[in-house]
Structures are given as C-alpha cells and as structure tokens.
$ cat work_39.csv   # CSV, C-alpha atoms and all ligand atoms
chain,number,residue,atom,x,y,z
H,19,MET,CA,11.2,-24.2,-7.8
H,20,LEU,CA,13.4,-21.3,-8.8
H,21,PRO,CA,14.2,-18.7,-6.1
H,22,THR,CA,12.5,-15.5,-7.4
H,23,ILE,CA,11.6,-13.8,-4.2
H,24,GLU,CA,11.5,-14.7,-0.5
H,25,TRP,CA,10.1,-13.1,2.6
H,26,ARG,CA,12.6,-13.3,5.5
H,27,GLY,CA,10.8,-11.5,8.3
H,28,ASP,CA,12.8,-8.2,8.4
H,29,ARG,CA,13.7,-8.2,4.7
H,30,VAL,CA,12.8,-9.4,1.2
H,31,VAL,CA,15.4,-11.3,-0.8
H,32,MET,CA,15.3,-11.6,-4.6
H,33,ILE,CA,17.6,-13.0,-7.3
H,34,ASP,CA,19.0,-10.1,-9.3
H,35,GLN,CA,17.5,-10.8,-12.8
H,36,ARG,CA,19.8,-8.2,-14.4
H,37,LEU,CA,22.8,-10.3,-13.8
H,38,LEU,CA,21.5,-13.7,-15.0
H,39,PRO,CA,22.6,-16.0,-16.5
H,40,GLU,CA,26.2,-15.0,-15.7
H,41,GLU,CA,25.9,-14.5,-12.0
H,42,GLU,CA,23.4,-15.7,-9.4
H,43,VAL,CA,23.4,-12.8,-7.0
H,44,TYR,CA,20.7,-12.2,-4.3
H,45,VAL,CA,19.6,-8.7,-3.4
H,46,GLU,CA,18.3,-7.9,0.1
H,47,CYS,CA,15.6,-5.2,0.4
H,48,ARG,CA,15.0,-3.8,3.9
H,49,SER,CA,12.5,-1.1,3.1
H,50,HIS,CA,9.6,-0.5,0.8
H,51,GLU,CA,11.8,2.1,-0.9
H,52,GLU,CA,14.4,-0.6,-1.7
H,53,VAL,CA,11.7,-2.9,-3.0
H,54,ALA,CA,10.3,-0.1,-5.2
H,55,ALA,CA,13.8,0.7,-6.6
H,56,ALA,CA,14.4,-3.0,-7.3
H,57,VAL,CA,11.1,-3.2,-9.3
H,58,GLU,CA,12.0,0.0,-11.2
H,59,ALA,CA,15.5,-1.3,-12.0
H,60,MET,CA,14.1,-4.7,-13.0
H,61,VAL,CA,16.1,-6.6,-10.4
H,62,ILE,CA,12.7,-8.3,-10.3
H,63,ARG,CA,10.3,-8.2,-13.2
H,64,GLY,CA,7.4,-10.1,-14.8
H,65,ALA,CA,3.8,-9.1,-13.9
H,66,PRO,CA,3.0,-11.6,-11.2
H,67,ALA,CA,6.4,-11.3,-9.5
H,68,ILE,CA,6.0,-7.5,-9.4
H,69,GLY,CA,2.7,-8.1,-7.7
H,70,VAL,CA,4.3,-10.3,-5.1
H,71,ALA,CA,7.1,-7.8,-4.6
H,72,ALA,CA,4.7,-5.0,-4.1
H,73,ALA,CA,2.7,-6.9,-1.5
H,74,MET,CA,5.9,-7.8,0.4
H,75,GLY,CA,7.0,-4.2,0.0
H,76,VAL,CA,3.9,-3.0,1.8
H,77,ALA,CA,4.3,-5.5,4.6
H,78,LEU,CA,7.9,-4.4,5.0
H,79,GLY,CA,7.4,-0.7,4.7
H,80,PHE,CA,4.3,-0.3,6.8
H,81,GLY,CA,5.7,-1.3,10.2
H,82,ARG,CA,8.8,0.9,9.8
H,83,GLU,CA,7.0,4.0,8.5
H,84,ALA,CA,4.0,3.8,10.9
H,85,LYS,CA,6.2,4.1,14.0
H,86,ASN,CA,7.0,7.7,12.8
H,87,ASP,CA,4.0,8.8,10.9
H,88,GLY,CA,0.9,7.1,12.2
H,89,SER,CA,-0.6,4.3,10.3
H,90,ASP,CA,-2.9,6.0,7.8
H,91,GLU,CA,-0.2,8.3,6.5
H,92,ALA,CA,2.3,5.5,6.5
H,93,PHE,CA,0.1,3.1,4.5
H,94,ARG,CA,-0.8,5.8,2.0
H,95,ARG,CA,2.9,6.8,1.4
H,96,VAL,CA,4.1,3.2,1.1
H,97,THR,CA,1.5,2.1,-1.3
H,98,GLU,CA,1.8,5.3,-3.4
H,99,ARG,CA,5.5,4.8,-3.8
H,100,LEU,CA,5.2,1.2,-4.8
H,101,GLY,CA,2.3,2.1,-7.2
H,102,ARG,CA,4.6,4.6,-9.0
H,103,THR,CA,7.2,1.9,-10.1
H,104,ARG,CA,5.9,0.3,-13.3
H,105,PRO,CA,2.5,1.3,-14.7
H,106,THR,CA,1.6,-1.6,-17.1
H,107,ALA,CA,1.3,-4.8,-15.0
H,108,ARG,CA,-2.2,-5.1,-13.6
H,109,ASN,CA,-0.8,-7.5,-10.9
H,110,LEU,CA,1.0,-4.7,-9.2
H,111,PHE,CA,-2.2,-2.7,-8.6
H,112,TRP,CA,-4.2,-5.8,-7.8
H,113,ALA,CA,-1.7,-6.7,-5.1
H,114,LEU,CA,-1.8,-3.2,-3.6
H,115,GLU,CA,-5.6,-3.3,-3.6
H,116,ARG,CA,-5.5,-6.6,-1.7
H,117,MET,CA,-3.2,-5.1,0.9
H,118,LYS,CA,-5.4,-2.0,1.1
H,119,ALA,CA,-8.5,-4.1,1.7
H,120,VAL,CA,-6.7,-5.8,4.7
H,121,TYR,CA,-5.6,-2.5,6.0
H,122,ASP,CA,-9.0,-0.9,5.8
H,123,LYS,CA,-10.7,-3.8,7.5
H,124,ASN,CA,-8.3,-3.8,10.4
H,125,ARG,CA,-7.4,-0.1,10.9
H,126,GLY,CA,-8.6,-0.1,14.5
H,127,LEU,CA,-6.1,-2.8,15.6
H,128,SER,CA,-2.6,-2.2,17.0
H,129,LEU,CA,0.3,-1.5,14.7
H,130,GLU,CA,1.8,-4.9,15.5
H,131,GLU,CA,-1.5,-6.6,14.7
H,132,ILE,CA,-1.9,-4.8,11.4
H,133,GLU,CA,1.7,-5.5,10.5
H,134,ARG,CA,1.2,-9.2,11.2
H,135,LEU,CA,-2.0,-9.3,9.0
H,136,LEU,CA,-0.2,-7.5,6.1
H,137,VAL,CA,2.6,-10.1,6.2
H,138,THR,CA,0.0,-12.9,6.2
H,139,GLU,CA,-1.7,-11.3,3.1
H,140,ALA,CA,1.6,-10.8,1.3
H,141,LEU,CA,2.5,-14.5,1.8
H,142,ALA,CA,-1.0,-15.5,0.6
H,143,VAL,CA,-0.5,-13.4,-2.6
H,144,GLU,CA,2.8,-15.4,-3.1
H,145,ALA,CA,1.3,-18.8,-2.4
H,146,GLU,CA,-1.8,-18.2,-4.5
H,147,ASP,CA,0.3,-17.2,-7.5
H,148,ILE,CA,2.2,-20.5,-7.4
H,149,GLU,CA,-1.1,-22.3,-7.2
H,150,ALA,CA,-2.7,-20.3,-10.0
H,151,ASN,CA,0.3,-21.0,-12.2
H,152,ARG,CA,0.0,-24.7,-11.7
H,153,ARG,CA,-3.6,-24.6,-12.6
H,154,ILE,CA,-2.8,-22.5,-15.7
H,155,GLY,CA,-0.4,-25.2,-16.7
H,156,ALA,CA,-3.0,-27.9,-16.2
H,157,ALA,CA,-5.6,-25.9,-18.1
H,158,GLY,CA,-3.3,-25.2,-21.1
H,159,ARG,CA,-1.1,-28.3,-21.5
H,160,SER,CA,-3.4,-30.1,-23.9
H,161,LEU,CA,-3.0,-27.3,-26.4
H,162,ILE,CA,0.6,-28.5,-26.9
H,163,ARG,CA,0.9,-31.7,-28.9
H,164,HIS,CA,3.6,-34.2,-28.7
H,165,GLY,CA,6.6,-33.1,-30.9
H,166,MET,CA,5.4,-29.5,-31.2
H,167,SER,CA,7.7,-26.5,-31.5
H,168,VAL,CA,6.3,-23.7,-29.3
H,169,LEU,CA,7.4,-20.1,-29.7
H,170,THR,CA,7.5,-17.9,-26.6
H,171,HIS,CA,8.5,-14.3,-26.0
H,172,CYS,CA,10.2,-12.6,-23.0
H,173,ASN,CA,10.3,-14.6,-19.8
H,174,THR,CA,7.1,-16.0,-18.2
H,175,GLY,CA,8.7,-18.7,-16.1
H,176,GLY,CA,9.4,-19.1,-12.4
H,177,LEU,CA,11.4,-15.9,-12.4
H,178,ALA,CA,8.5,-13.8,-13.7
H,179,THR,CA,6.1,-15.2,-11.0
H,180,ALA,CA,6.2,-16.5,-7.4
H,181,GLY,CA,7.1,-19.9,-9.0
H,182,TYR,CA,6.4,-22.3,-11.9
H,183,GLY,CA,5.4,-19.7,-14.5
H,184,THR,CA,2.4,-18.8,-16.8
H,185,ALA,CA,3.1,-19.3,-20.5
H,186,LEU,CA,6.3,-21.1,-19.7
H,187,GLY,CA,4.3,-23.0,-17.0
H,188,VAL,CA,2.0,-24.3,-19.7
H,189,ILE,CA,5.0,-25.5,-21.8
H,190,ARG,CA,6.5,-27.0,-18.6
H,191,ALA,CA,3.3,-28.8,-17.8
H,192,ALA,CA,3.2,-30.3,-21.3
H,193,PHE,CA,6.8,-31.4,-20.9
H,194,GLU,CA,6.1,-32.9,-17.4
H,195,GLU,CA,3.4,-35.0,-18.8
H,196,GLY,CA,5.9,-36.6,-21.1
H,197,LYS,CA,5.4,-34.6,-24.3
H,198,ASN,CA,8.4,-34.0,-26.5
H,199,VAL,CA,8.4,-30.2,-26.8
H,200,ARG,CA,10.9,-27.9,-28.3
H,201,VAL,CA,10.7,-24.2,-27.2
H,202,VAL,CA,11.7,-21.5,-29.7
H,203,VAL,CA,12.8,-18.6,-27.6
H,204,ASP,CA,13.3,-15.1,-29.0
H,205,GLU,CA,15.9,-12.9,-27.5
H,206,THR,CA,13.5,-10.1,-26.5
H,207,ARG,CA,15.4,-7.0,-27.0
H,208,PRO,CA,16.3,-4.7,-25.3
H,209,PHE,CA,16.4,-6.4,-21.9
H,210,LEU,CA,16.9,-9.9,-23.3
H,211,GLN,CA,14.5,-11.7,-21.0
H,212,GLY,CA,14.2,-14.5,-23.6
H,213,ALA,CA,17.9,-15.1,-24.1
H,214,ARG,CA,19.1,-14.5,-20.6
H,215,LEU,CA,16.2,-15.7,-18.4
H,216,THR,CA,14.0,-18.1,-20.4
H,217,CYS,CA,17.0,-20.0,-21.8
H,218,TRP,CA,18.5,-20.2,-18.2
H,219,GLU,CA,15.2,-21.6,-16.8
H,220,LEU,CA,14.7,-24.0,-19.7
H,221,SER,CA,18.2,-25.4,-19.4
H,222,LYS,CA,17.8,-25.9,-15.6
H,223,LEU,CA,14.5,-27.7,-16.3
H,224,GLY,CA,16.1,-29.8,-19.1
H,225,ILE,CA,13.5,-28.7,-21.7
H,226,PRO,CA,14.8,-28.7,-25.2
H,227,HIS,CA,15.0,-25.2,-26.7
H,228,VAL,CA,16.6,-23.0,-29.4
H,229,LEU,CA,17.3,-19.3,-29.2
H,230,ILE,CA,16.6,-17.0,-32.1
H,231,ALA,CA,17.1,-13.4,-32.9
H,232,ASP,CA,13.8,-11.4,-32.5
H,233,GLY,CA,13.8,-10.8,-36.3
H,234,ALA,CA,14.0,-14.5,-37.1
H,235,ALA,CA,10.5,-15.4,-35.9
H,236,GLY,CA,8.7,-14.8,-39.2
H,237,TRP,CA,11.2,-16.8,-41.2
H,238,LEU,CA,10.9,-19.7,-38.8
H,239,MET,CA,7.1,-19.6,-39.0
H,240,GLN,CA,7.3,-19.5,-42.8
H,241,ALA,CA,9.6,-22.5,-42.7
H,242,GLY,CA,7.1,-24.5,-40.7
H,243,GLU,CA,9.3,-24.5,-37.5
H,244,VAL,CA,6.6,-23.1,-35.2
H,245,GLY,CA,3.5,-25.1,-34.3
H,246,LEU,CA,2.0,-22.7,-31.7
H,247,ALA,CA,2.9,-19.5,-29.9
H,248,MET,CA,2.4,-19.1,-26.1
H,249,VAL,CA,3.1,-15.8,-24.4
H,250,GLY,CA,2.3,-14.1,-21.1
H,251,ALA,CA,0.5,-10.8,-20.3
H,252,ASP,CA,0.9,-7.8,-18.2
H,253,ARG,CA,-2.7,-6.6,-18.5
H,254,ILE,CA,-5.7,-8.0,-20.3
H,255,ALA,CA,-8.7,-5.8,-20.9
H,256,ARG,CA,-12.3,-7.0,-20.7
H,257,ASN,CA,-12.4,-7.5,-24.5
H,258,GLY,CA,-9.2,-9.6,-24.5
H,259,ASP,CA,-6.8,-6.9,-25.8
H,260,THR,CA,-3.5,-7.9,-24.2
H,261,ALA,CA,-0.5,-5.8,-23.1
H,262,ASN,CA,2.7,-7.8,-23.1
H,263,LYS,CA,6.4,-7.3,-23.7
H,264,ILE,CA,7.2,-5.2,-26.8
H,265,GLY,CA,7.3,-7.4,-29.8
H,266,THR,CA,4.3,-9.6,-28.9
H,267,TYR,CA,2.0,-7.7,-31.3
H,268,SER,CA,4.4,-8.3,-34.2
H,269,LEU,CA,4.5,-12.0,-33.4
H,270,ALA,CA,0.7,-12.3,-33.2
H,271,VAL,CA,0.4,-10.7,-36.6
H,272,LEU,CA,3.0,-13.0,-38.1
H,273,ALA,CA,1.3,-16.0,-36.5
H,274,ARG,CA,-2.0,-15.0,-38.0
H,275,GLU,CA,-0.4,-14.7,-41.5
H,276,HIS,CA,1.0,-18.2,-41.1
H,277,GLY,CA,-2.1,-19.8,-39.6
H,278,ILE,CA,-0.3,-20.5,-36.3
H,279,PRO,CA,-2.4,-20.6,-33.1
H,280,PHE,CA,-1.4,-17.8,-30.7
H,281,TYR,CA,-2.3,-18.1,-27.0
H,282,VAL,CA,-1.9,-15.9,-24.0
H,283,ALA,CA,-1.5,-17.5,-20.6
H,284,ALA,CA,-2.0,-15.4,-17.4
H,285,PRO,CA,-3.5,-15.5,-13.9
H,286,TRP,CA,-6.7,-13.8,-13.1
H,287,SER,CA,-4.7,-11.1,-11.3
H,288,THR,CA,-3.6,-9.9,-14.7
H,289,VAL,CA,-7.1,-9.4,-16.0
H,290,ASP,CA,-8.5,-5.9,-15.7
H,291,LEU,CA,-12.3,-6.0,-16.3
H,292,SER,CA,-12.5,-2.3,-15.5
H,293,LEU,CA,-11.0,-1.5,-18.9
H,294,ASP,CA,-13.2,-2.0,-21.9
H,295,ASP,CA,-10.3,-2.4,-24.3
H,296,GLY,CA,-6.6,-2.1,-24.7
H,297,ARG,CA,-6.6,1.6,-25.6
H,298,SER,CA,-6.7,2.6,-21.9
H,299,ILE,CA,-3.8,0.3,-20.8
H,300,PRO,CA,-0.9,2.5,-19.7
H,301,VAL,CA,2.2,1.5,-21.7
H,302,GLU,CA,5.5,2.1,-19.9
H,303,GLU,CA,8.3,3.9,-21.7
H,304,ARG,CA,11.8,3.1,-20.4
H,305,GLY,CA,15.1,4.9,-20.7
H,306,ALA,CA,17.0,5.4,-24.0
H,307,ASP,CA,20.1,3.7,-22.8
H,308,GLU,CA,18.3,0.3,-22.7
H,309,ILE,CA,18.2,0.6,-26.5
H,310,ARG,CA,21.4,2.6,-27.2
H,311,ARG,CA,23.6,0.2,-25.1
H,312,CYS,CA,23.9,-3.6,-24.9
H,313,GLY,CA,26.0,-5.6,-22.5
H,314,GLY,CA,27.4,-2.4,-21.0
H,315,ARG,CA,28.6,-1.2,-24.4
H,316,PRO,CA,27.2,1.5,-26.7
H,317,ILE,CA,25.6,0.0,-29.9
H,318,ALA,CA,24.5,3.4,-31.3
H,319,PRO,CA,26.1,6.8,-31.5
H,320,ALA,CA,25.7,8.7,-28.2
H,321,GLY,CA,22.6,10.9,-28.1
H,322,THR,CA,20.8,8.9,-30.9
H,323,PRO,CA,17.1,9.7,-30.4
H,324,VAL,CA,15.2,6.6,-29.1
H,325,ARG,CA,11.7,5.3,-28.5
H,326,ASN,CA,11.6,2.6,-25.9
H,327,PRO,CA,8.0,1.4,-25.3
H,328,ALA,CA,8.4,-1.6,-22.9
H,329,PHE,CA,5.1,-3.2,-23.9
H,330,ASP,CA,2.6,-3.3,-26.8
H,331,ILE,CA,-1.1,-4.1,-27.0
H,332,THR,CA,-2.2,-7.1,-29.1
H,333,PRO,CA,-5.8,-6.7,-30.3
H,334,ALA,CA,-7.9,-9.6,-29.1
H,335,ARG,CA,-8.7,-10.7,-32.7
H,336,PHE,CA,-5.2,-12.1,-33.0
H,337,LEU,CA,-5.6,-14.4,-30.0
H,338,SER,CA,-6.7,-18.0,-30.3
H,339,GLY,CA,-7.5,-18.1,-26.6
H,340,ILE,CA,-6.5,-16.9,-23.1
H,341,VAL,CA,-5.4,-19.5,-20.6
H,342,THR,CA,-6.2,-18.7,-17.0
H,343,GLU,CA,-6.4,-20.8,-13.8
H,344,PHE,CA,-10.1,-20.9,-14.4
H,345,GLY,CA,-9.8,-22.4,-17.8
H,346,ILE,CA,-9.4,-21.2,-21.4
H,347,ALA,CA,-11.4,-18.2,-22.6
H,348,ARG,CA,-12.3,-18.1,-26.3
H,349,PRO,CA,-13.7,-15.3,-28.4
H,350,PRO,CA,-15.9,-13.2,-27.8
H,351,TYR,CA,-13.8,-12.4,-24.7
H,352,GLU,CA,-16.1,-9.6,-23.5
H,353,ARG,CA,-18.6,-12.4,-22.8
H,354,THR,CA,-16.3,-15.4,-21.9
H,355,LEU,CA,-13.7,-13.6,-19.8
H,356,PRO,CA,-16.0,-12.1,-17.1
H,357,ALA,CA,-17.9,-15.4,-17.1
H,358,LEU,CA,-14.7,-17.4,-16.5
H,359,GLY,CA,-13.7,-15.3,-13.5
H,360,ARG,CA,-17.2,-15.3,-11.9
H,361,PRO,CA,-17.2,-17.5,-8.8
H,401,LIG,O1,9.4,-5.9,-18.5
H,401,LIG,P1,9.1,-7.2,-17.9
H,401,LIG,O2,10.2,-8.1,-18.0
H,401,LIG,O3,8.5,-7.1,-16.5
H,401,LIG,O4,7.9,-7.8,-18.9
H,401,LIG,C1,7.5,-9.1,-18.6
H,401,LIG,C2,6.5,-9.5,-19.6
H,401,LIG,O5,6.1,-8.8,-20.5
H,401,LIG,C3,5.9,-10.9,-19.4
H,401,LIG,O6,5.5,-11.5,-20.5
H,401,LIG,C4,4.6,-10.7,-18.5
H,401,LIG,O7,4.9,-9.9,-17.4
H,401,LIG,C5,4.1,-12.0,-18.0
H,401,LIG,S1,5.2,-12.8,-16.8
H,401,LIG,C6,4.4,-14.2,-16.3
$ encode --input "work_39.csv" --output "structure tokens"
Amino acid sequence: MLPTIEWRGDRVVMIDQRLLPEEEVYVECRSHEEVAAAVEAMVIRGAPAIGVAAAMGVALGFGREAKNDGSDEAFRRVTERLGRTRPTARNLFWALERMKAVYDKNRGLSLEEIERLLVTEALAVEAEDIEANRRIGAAGRSLIRHGMSVLTHCNTGGLATAGYGTALGVIRAAFEEGKNVRVVVDETRPFLQGARLTCWELSKLGIPHVLIADGAAGWLMQAGEVGLAMVGADRIARNGDTANKIGTYSLAVLAREHGIPFYVAAPWSTVDLSLDDGRSIPVEERGADEIRRCGGRPIAPAGTPVRNPAFDITPARFLSGIVTEFGIARPPYERTLPALGRP
C-alpha cells in the first residue's frame, strides 16, 4: 500500500504529492489549518484522499479549538475552514457531513469523549475507502480483457485515495488477476498528475505503461492503440454527469468518435444524488501560474491572461458505465445509480 496519509495521534502525516516523483518527502500537519492549507496547495489531492484528509483535519482541529472556544463554535469553525478548500470533490463534503453527524449525536459528552469519537470516525472513513476501492477493483476488472491497452487520465491510484485506487484500482485488479495490461497515461497538464504520480505508482507496481502528451490521445485512439478508457471522478450527479480532472470531457468525446468504451470508476462517497445533473456541480478555478509556469519556470510571457478550470463535466451520454463498490451502473443512470446505492 502506498503511504498517502496517516493519522499519528497528535498529527496527520502525508506524502507531499507536489514533489513526486523526484522526492519522497512527508509533511506533518498539526492543526486543521495546516490540513486545509495542504489540501489547497495539493500536497494531498484526489477526491477520496481529500475526504480522508478533511475527516482527519476535523479530528485534529476540534480538540485544540474546543479548549478555547467551546465545542459548538470550534466544530463550526473547523468544518467551515476545511469545507472552503476545494469545491468540486463530493468526498470532501461527504466526509464533513459524516463528522458532523457524529458530533451532533454526541454533543452532550465531554470534550475528550467527543474528540475520541471523531478520531474513530476519521479512521473509519479511511478504512472504508480502502475497502470500497478493493470492491471497485473487483467489480470492474472483468471490463479489462487480456492484452488490452487502457487509457487513464490524472491520478486515481493509491495516492488519490486512502489506498489501492479507483480507476487505477480497476486496472490494478485486472493486472493482479494475471491479465496482460498496458496503461496509456496522459500527462494531465497543468499539475501533471498522470506523468508524475500515475507513472510513479505504476512503475512501483510493475504494471506496464506508456506516457503520452495530453494532445496525443486522439491520434493513439485513431491508430487502434487504446482498447478502453477508465477514469476517476470528483462528483457524479444523479443522472451520471461526471466532474473529473480537466481534459476528461475531451477524452470521452474522442472515445465516442472512435467507438472506445469509456468508464468512470468511483466510490459511493463521490456520488451526489442531491444534484439532478452536472450543471450544478461547482468547478474549481485555480491560479494562473499553474498554467503560465511549468517545473518552476515560465512557459508563457508574464501576465498572459489565463483560464484554469481544474475540472470539467462529462455528460452521462458519453459514459459506457460507472463502476462503484456496489457494482456497475449502466444508462439510464437516473434510475440505475440510486438503485445501486440503496441498501
Ligand atoms: O485536482 P486533483 O488532482 O485533486 O484531481 C483529481 C482527479 O480529478 C481524480 O481523477 C479524481 O479525484 C478521482 S481520484 C480517485
């Protein structure tokens, strides 16, 4: 298992994903503010991992803040701060809602008791994510045939989750059952999660892969070098519209043009049944320098106007299916998705 994030009692430790693959450096967060800043700076990223970080941030922040402010005010302030970090991933808000449910149910207890229960819940969020990922892998691996080339986007592996991965977990599960798989990884400008993180994970796992420039995907599809696409998600609306890393929509349109199956893999914590469709998913815009600079150097004239949406929304009609820990949803998603999640 790759070390994405770990609870250490008085602190949360996470691998600094900004520095991979060059350096494996661990960052220690000792307050919810430090966790929030780490999420904003993308020390830790990937929807499920952000959810785990938020849950641990609450457990870490509540005890410290409640000693000064009283527990209601402390809980409100801590969760509000963590909720202001990155708007798109449903998992962040799902995790905060879970922590709030525990807090609301136990408000009458002592601060120490509440703190202990919040820590237990944060660790449950972490453990359940690993379990969900393994089940996503088991549900989706038969989609990948022996000898297939699978295109993936961004990073959806152990680093993006509490462990194992979602879309990369499906690929990994196919590989682990002995299938000969080749992963086509696109760079994923501007943060380069594909080049830096997915290639790092795949080489550690010994899974054959090839890195391509983002713009090469269509050409490889046309050349018959992609058998299937498998990507992750940050938020999935009730009708299946899916927010994921910028560039996903373009890949889905290309895949449709070339008759290539296009799958999304995500845990239930990414599904937002409260939204009818993708139009109301908030899309994060990030800073201009992520585009104007690369590897610490300017790649455009200073002051060049920039648009930097970090995510896009792929309309559900482009998806062949959505792989979750409860199985694979197929169109029409407004019917199949809610049914899949119903206990
Ligand atoms: O900006 P990021 O790196 O947090 O975006 C990550 C993605 O878009 C992933 O595909 C998504 O969160 C799924 S991770 C299992």
$ closest_residue --input "work_39.csv" --among "H:Cys172, H:Glu195, H:Pro356, H:Leu129" --to "Asn86 (chain H)" --atoms "all atoms listed in the file"
H:Leu129
$ closest_residue --input "work_39.csv" --among "H:Gly258, H:Gly233, H:Gly88, H:Gly176" --to "ligand LIG 401 (chain H)" --atoms "all atoms listed in the file"
H:Gly176
$ residues_around --input "work_39.csv" --residues "Val143 (chain H)" --least-positions-apart "6" --cutoff "8 Å" --atoms "all atoms listed in the file" --output "list in words"
Val70, Ala73 and Ala113 of chain H
$ closest_residue --input "work_39.csv" --among "H:Arg153, H:Arg63, H:Arg315, H:Arg102" --to "ligand LIG 401 (chain H)" --atoms "all atoms listed in the file"
H:Arg63
$ closest_residue --input "work_39.csv" --among "H:Arg36, H:Lys263, H:Arg311, H:Arg360" --to "ligand LIG 401 (chain H)" --atoms "all atoms listed in the file"
H:Lys263
